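Asker: Quick one: structure below, then a few questions.
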Amino acid sequence: MQNGSKILRLRPSPFTAAWSLLIGLSIARVLYAGLLPLSADEAYYWQWSRYPALGYHDHPPMVAWMIWLSTTFLGPNETAVRLPAIGALFGTSAYLLILTRRWYGEGVALATAILTQAVLLFNVGALITTPDSFQALAWAGACYHVARGYEGGRKRHWCLGGLWFGLGMLSKLSMALFAPLVFLYGLTSPHHRRRLQGWRPYLGFCLGLTLMLPLVVWNLENDWRAFRHVAHQGGLASANGFVPRYFGDYLLSQLSLLSPLVFILLLGVLTHTRSFWRAGRKRWMDRYLWMTSMPVFLLFALLSLHTRVEGNWPAFGYLGACVLMAARYRKRPVWRWTLLTAAAISFLVLIQAVFPLIPLSPKADRIAAELSDWETVGQAVAALSEGLPEAPPPFVFAMNYQMASRLAYYLPGQPLTVAINSDKRPNTYDYWWEEDALAGRNAIGVIGHDNFHEWRLGRFFESVDPPVKVVLHDHRRSWDDSRRPVKTLYLYRACGFKGGHQWAPQSDDDIRTSTSNPNPSTSPGEG
């Protein structure tokens, strides 16, 4: 019995086990991050970090700032670009851990940690650097400190909650949902309504608004273009009415990213509202987490009835829901199967990303299409550009920001690149190059069509040579150590740029149209 007691005392507590899980998986992600080439969005955000600014067209500046900080010290490599996202998920999980331990106990804390580390959505968010990674951290931090503010009323926690709210607004504009949701919780809570009668919550909110000043200044200088972009994405200017297909796509994307059983438990927590609203003083956290999670899922569901909603948009709203799922279901038989299926899906996807375990056709294999080997393309562009005159200096371009960003990262020397963007959607490339800086220059372009020079490039260049074919290969090696071709690209050598690369609205009533030009202060000039 004495030996058995010693063994029991040596067993780690659930809280210690949860911390060990978070630290171990974070180290594994750092090692894994360098195995994958950059995705198109990651290369795009890395491009942002080369043009320091108070804001950017597509999103607030936090993602660019974090990538700049990491790559400045570690160099422009895949691991350095992804390290901020890995750190952000660790911080997000840490906040959830201390929240659940305080209000639910160590058992629920461990169950929540396992769930968040098992779900595919959060694994992707930890390995692909996007604004969502930092918004999730800010949402978790703000949730915890505002809850402490409601509980104890201390100024420190209200200010820390406001601090995280402001940092979240510098990460992604949908963070704006946090303020009205926690305010609505306070108004409807008989136990905490009195907190809103004091000045401390509003001090924290003002602190958050102060942190938003860089974003506000940039938008003031650029005719509120970032807000126009978000409004357009939200379908405010769309003539679409009810589109059932978008709603179905939204539900299917959430089911895929969360896993089927997690999605079912999410719906169970979503509809379990009666107990939340009848919760007494001891269970107020149930209502608080419901108010900071489920409305997010519902709001994006309503939005999907009108416009397309990307699968990652409501991700921050699932943080509180994960705690509620763990608290309600962890002792039920379905919980074990939920964790096993979610972890199995994530494991298979992560293995498939580095080794083609499941044979799929190039068209069906999204990983092959998204994470292709662009180093070969970069070498081919460098070889073709040797035949161009050195004066005026040639530039490299693509017809969209995804290709232009990958070219910038994988070309030898990582030169600045151009996106000829007139017929696409506006993006941050429109702010980096003035027409005069490119006029008359020769260029090498990478296009996905072999007859592009005959019907498009002639609008932008005086002359265009016939294309040179380059085969884009899968970044993964198969069982026989070969890499299969996944896509064919075409390289064009063009002379005498005539201008017109910036986005131009197709109609005057486009909500993205503004009277100001992109800020010339961020232009790299001759590069």
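Ordered as shown in the structure tokens, chains take letters A, B, and onward, while each chain numbers its residues from 1 and ligands are numbered from 1 in the order shown.
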Would you please give, as a VMD selection string, all residues of region 92-309 of chain A that DSSP assigns to alpha helix (DSSP H) based on the backbone?

Answerer: chain A and resid 92 to 103 106 to 118 120 to 127 131 to 152 155 to 169 178 to 188 200 to 211 213 to 221 225 to 233 244 to 258 260 to 271 273 to 277 284 to 291 294 to 303

Asker: Within 12 Å of region 91-106 of chain A, which residues of region 115-233 of chain A come that close, and what is the closest atom pair and distance in Å for each? Count only C-alpha atoms and give it as a Markdown table.

Answerer:
| residue | atom | partner | partner_atom | distance |
| --- | --- | --- | --- | --- |
| A:Leu115 | CA | A:Ser93 | CA | 10.3 |
| A:Thr116 | CA | A:Ser93 | CA | 7.4 |
| A:Gln117 | CA | A:Ser93 | CA | 8.4 |
| A:Ala118 | CA | A:Ser93 | CA | 11.9 |
| A:Phe122 | CA | A:Ser93 | CA | 9.9 |
| A:Asn123 | CA | A:Ser93 | CA | 11.6 |
| A:Gly125 | CA | A:Thr92 | CA | 11.1 |
| A:Ala126 | CA | A:Thr92 | CA | 10.2 |
| A:Asp132 | CA | A:Thr92 | CA | 11.4 |
| A:Ser133 | CA | A:Thr92 | CA | 8.8 |
| A:Phe134 | CA | A:Thr92 | CA | 8.7 |
| A:Gln135 | CA | A:Thr92 | CA | 9.4 |
| A:Ala136 | CA | A:Thr92 | CA | 6.4 |
| A:Leu137 | CA | A:Thr92 | CA | 4.4 |
| A:Ala138 | CA | A:Thr92 | CA | 7.7 |
| A:Trp139 | CA | A:Thr92 | CA | 8.2 |
| A:Ala140 | CA | A:Thr92 | CA | 5.7 |
| A:Gly141 | CA | A:Tyr95 | CA | 6.1 |
| A:Ala142 | CA | A:Tyr95 | CA | 9.4 |
| A:Cys143 | CA | A:Leu99 | CA | 8.8 |
| A:Tyr144 | CA | A:Leu99 | CA | 6.1 |
| A:His145 | CA | A:Leu99 | CA | 9.2 |
| A:Val146 | CA | A:Leu99 | CA | 11.2 |
| A:Ala147 | CA | A:Leu99 | CA | 8.9 |
| A:Arg148 | CA | A:Leu99 | CA | 9.3 |
| A:Glu151 | CA | A:Trp103 | CA | 10.7 |
| A:Trp164 | CA | A:Thr92 | CA | 11.6 |

Asker: Give me the residues within 7 Å of region 406-419 of chain A as a ChimeraX atom specification, counting only C-alpha atoms and dropping any in the same chain fewer than 2 places off.

Answerer: /A:40,43,374-375,378-379,395-404,421,429,527

Asker: Using only C-alpha atoms, which protein or nucleic acid residues come within 8 Å of Gly186 (chain A)? Drop anything in the same chain fewer than 3 positions from it, and give the result as a list in words.

Answerer: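 Result of the neighbour search: Tyr150, Val182, Phe183, Ser189, His192, Arg193, Arg195 and Leu196 of chain A.
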
Asker: For the atom pair CA of Phe227 (chain A) and CA of Met291 (chain A), what is the interatomic distance in Å to one decimal place?

Answerer: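 Separation between CA of Phe227 (chain A) and CA of Met291 (chain A): 25.3 Å.
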
Asker: Please measure the separation of CA of Leu36 (chain A) and CA of Pro485 (chain A), giving the value in Å to one decimal.

Answerer: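 CA of Pro485 (chain A) lies 17.0 Å from CA of Leu36 (chain A).
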
Asker: Let me make sure I understand: among A:Pro14, A:Pro52, A:Gly87, A:Pro131, which one has the smallest atom-to-atom distance to Ile27 (chain A) if we use only C-alpha atoms?

Answerer: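 Answer, going by the shortest atom-to-atom distance: A:Gly87.
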
Asker: Show which residues sit within 6 Å of region 307-324 of chain A, as an mmCIF file with all heavy atoms, in the first residue's frame. Count only C-alpha atoms, and ignore same-chain residues fewer than 6 positions away.

Answerer:
data_model
loop_
_atom_site.group_PDB
_atom_site.id
_atom_site.type_symbol
_atom_site.label_atom_id
_atom_site.label_comp_id
_atom_site.auth_asym_id
_atom_site.auth_seq_id
_atom_site.Cartn_x
_atom_site.Cartn_y
_atom_site.Cartn_z
ATOM 1 N N THR A 112 -10.256 20.208 -22.211
ATOM 2 C CA THR A 112 -10.264 21.311 -23.180
ATOM 3 C C THR A 112 -8.961 21.375 -23.952
ATOM 4 O O THR A 112 -8.948 21.607 -25.170
ATOM 5 C CB THR A 112 -10.505 22.644 -22.454
ATOM 6 O OG1 THR A 112 -11.731 22.583 -21.726
ATOM 7 C CG2 THR A 112 -10.567 23.797 -23.440
ATOM 8 N N ALA A 136 -7.255 34.910 -32.472
ATOM 9 C CA ALA A 136 -7.637 33.875 -31.506
ATOM 10 C C ALA A 136 -6.959 34.116 -30.159
ATOM 11 O O ALA A 136 -7.592 33.986 -29.096
ATOM 12 C CB ALA A 136 -7.271 32.498 -32.051
ATOM 13 N N GLY A 235 -20.596 41.183 -48.064
ATOM 14 C CA GLY A 235 -21.750 41.184 -48.949
ATOM 15 C C GLY A 235 -22.637 42.396 -48.830
ATOM 16 O O GLY A 235 -23.775 42.375 -49.318
ATOM 17 N N TYR A 246 -24.516 28.813 -50.391
ATOM 18 C CA TYR A 246 -23.505 29.381 -49.495
ATOM 19 C C TYR A 246 -23.694 28.878 -48.063
ATOM 20 O O TYR A 246 -22.718 28.611 -47.357
ATOM 21 C CB TYR A 246 -23.563 30.905 -49.521
ATOM 22 C CG TYR A 246 -23.112 31.535 -50.816
ATOM 23 C CD1 TYR A 246 -23.484 32.838 -51.153
ATOM 24 C CD2 TYR A 246 -22.300 30.838 -51.703
ATOM 25 C CE1 TYR A 246 -23.068 33.423 -52.341
ATOM 26 C CE2 TYR A 246 -21.879 31.411 -52.896
ATOM 27 C CZ TYR A 246 -22.273 32.700 -53.206
ATOM 28 O OH TYR A 246 -21.850 33.280 -54.383
ATOM 29 N N SER A 253 -18.074 23.289 -44.439
ATOM 30 C CA SER A 253 -16.710 23.690 -44.094
ATOM 31 C C SER A 253 -16.468 23.567 -42.592
ATOM 32 O O SER A 253 -15.395 23.120 -42.161
ATOM 33 C CB SER A 253 -16.447 25.126 -44.559
ATOM 34 O OG SER A 253 -17.217 26.058 -43.814
ATOM 35 N N LEU A 289 -19.426 32.217 -21.466
ATOM 36 C CA LEU A 289 -18.764 31.572 -22.598
ATOM 37 C C LEU A 289 -19.727 31.355 -23.757
ATOM 38 O O LEU A 289 -19.336 31.454 -24.927
ATOM 39 C CB LEU A 289 -18.143 30.246 -22.164
ATOM 40 C CG LEU A 289 -16.942 30.351 -21.219
ATOM 41 C CD1 LEU A 289 -16.473 28.962 -20.803
ATOM 42 C CD2 LEU A 289 -15.806 31.123 -21.862
ATOM 43 N N SER A 293 -19.226 32.970 -27.692
ATOM 44 C CA SER A 293 -18.875 31.969 -28.700
ATOM 45 C C SER A 293 -20.019 31.698 -29.670
ATOM 46 O O SER A 293 -19.876 31.894 -30.883
ATOM 47 C CB SER A 293 -18.423 30.657 -28.026
ATOM 48 O OG SER A 293 -19.445 30.148 -27.190
ATOM 49 N N VAL A 296 -21.180 34.142 -32.437
ATOM 50 C CA VAL A 296 -20.255 34.241 -33.564
ATOM 51 C C VAL A 296 -20.619 33.212 -34.632
ATOM 52 O O VAL A 296 -20.717 33.531 -35.829
ATOM 53 C CB VAL A 296 -18.803 34.037 -33.090
ATOM 54 C CG1 VAL A 296 -17.855 34.032 -34.285
ATOM 55 C CG2 VAL A 296 -18.409 35.120 -32.100
ATOM 56 N N PHE A 297 -20.826 31.972 -34.212
ATOM 57 C CA PHE A 297 -21.222 30.918 -35.153
ATOM 58 C C PHE A 297 -22.539 31.274 -35.838
ATOM 59 O O PHE A 297 -22.690 31.110 -37.057
ATOM 60 C CB PHE A 297 -21.354 29.589 -34.403
ATOM 61 C CG PHE A 297 -21.919 28.468 -35.231
ATOM 62 C CD1 PHE A 297 -21.113 27.771 -36.119
ATOM 63 C CD2 PHE A 297 -23.251 28.109 -35.118
ATOM 64 C CE1 PHE A 297 -21.643 26.738 -36.890
ATOM 65 C CE2 PHE A 297 -23.786 27.083 -35.881
ATOM 66 C CZ PHE A 297 -22.973 26.390 -36.765
#

Asker: Which residues come within 12 Å of Asn77 (chain A), counting only C-alpha atoms, excluding same-chain residues fewer than 6 positions away, as a VMD selection string?

Answerer: chain A and resid 33 to 38 42 to 43 46 67 to 68 70 to 71 83 409 to 410 414

Asker: Nearest to Leu209 (chain A) among A:Trp158, A:Tyr44, A:Phe165, A:Tyr288, with distances taken over only C-alpha atoms: which residue is it?

Answerer: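 Of the candidates, the smallest distance to Leu209 (chain A) is held by A:Phe165.
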
Asker: Mind running region 340-447 of chain A against region 471-475 of chain A at 10 Å and telling me each contacting residue's nearest atom pair with the distance in Å (one decimal), counting only C-alpha atoms, chain and number ascending, as a Markdown table?

Answerer:
| residue | atom | partner | partner_atom | distance |
| --- | --- | --- | --- | --- |
| A:Ala353 | CA | A:His475 | CA | 9.1 |
| A:Val354 | CA | A:His475 | CA | 8.0 |
| A:Phe355 | CA | A:His475 | CA | 9.0 |
| A:Pro356 | CA | A:Asp474 | CA | 9.5 |
| A:Pro362 | CA | A:Asp474 | CA | 8.9 |
| A:Ile367 | CA | A:Asp474 | CA | 8.9 |
| A:Ala368 | CA | A:Asp474 | CA | 5.5 |
| A:Ala369 | CA | A:Asp474 | CA | 7.8 |
| A:Glu370 | CA | A:Asp474 | CA | 9.5 |
| A:Leu371 | CA | A:His475 | CA | 6.7 |
| A:Ser372 | CA | A:Asp474 | CA | 5.0 |
| A:Asp373 | CA | A:His475 | CA | 4.7 |
| A:Trp374 | CA | A:Leu472 | CA | 7.0 |
| A:Glu375 | CA | A:Leu472 | CA | 9.2 |
| A:Thr376 | CA | A:Leu472 | CA | 7.3 |
| A:Val377 | CA | A:Leu472 | CA | 7.1 |

Asker: Please save C-alpha atoms of the selected residues as a PDB file, in the first residue's frame.

Answerer:
ATOM      1  CA  ALA A 353       0.905  17.361 -46.104  1.00  0.00           C
ATOM      2  CA  VAL A 354       4.472  16.015 -45.973  1.00  0.00           C
ATOM      3  CA  PHE A 355       4.024  12.582 -47.540  1.00  0.00           C
ATOM      4  CA  PRO A 356       1.289  11.501 -50.023  1.00  0.00           C
ATOM      5  CA  PRO A 362      -3.759  16.476 -58.677  1.00  0.00           C
ATOM      6  CA  ILE A 367      -2.450  20.105 -50.455  1.00  0.00           C
ATOM      7  CA  ALA A 368      -0.516  19.502 -53.671  1.00  0.00           C
ATOM      8  CA  ALA A 369      -2.145  22.515 -55.319  1.00  0.00           C
ATOM      9  CA  GLU A 370      -1.617  24.822 -52.341  1.00  0.00           C
ATOM     10  CA  LEU A 371       1.876  23.742 -51.261  1.00  0.00           C
ATOM     11  CA  SER A 372       3.700  23.128 -54.529  1.00  0.00           C
ATOM     12  CA  ASP A 373       7.432  23.402 -55.125  1.00  0.00           C
ATOM     13  CA  TRP A 374       7.931  26.975 -56.322  1.00  0.00           C
ATOM     14  CA  GLU A 375      11.718  26.871 -56.112  1.00  0.00           C
ATOM     15  CA  THR A 376      11.824  25.369 -59.623  1.00  0.00           C
ATOM     16  CA  VAL A 377       9.718  28.248 -60.942  1.00  0.00           C
TER      17      VAL A 377
END

Asker: Measuring atom to atom with only C-alpha atoms, identify which of A:Pro76, A:Gly24, A:Gly445, A:Gly204 is nearest to Pro394 (chain A).

Answerer: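 Answer, going by the shortest atom-to-atom distance: A:Gly445.
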
Asker: To one decimal place in Å, what is the distance between CA of Phe497 (chain A) and CA of Trp48 (chain A)?

Answerer: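 Interatomic distance, CA of Phe497 (chain A) to CA of Trp48 (chain A): 24.2 Å.
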
Asker: Of the candidates A:Phe90, A:Phe247, A:Phe178, A:Trp224, which shows the shortest atom-to-atom distance to Gly208 (chain A), using only C-alpha atoms?

Answerer: A:Phe178
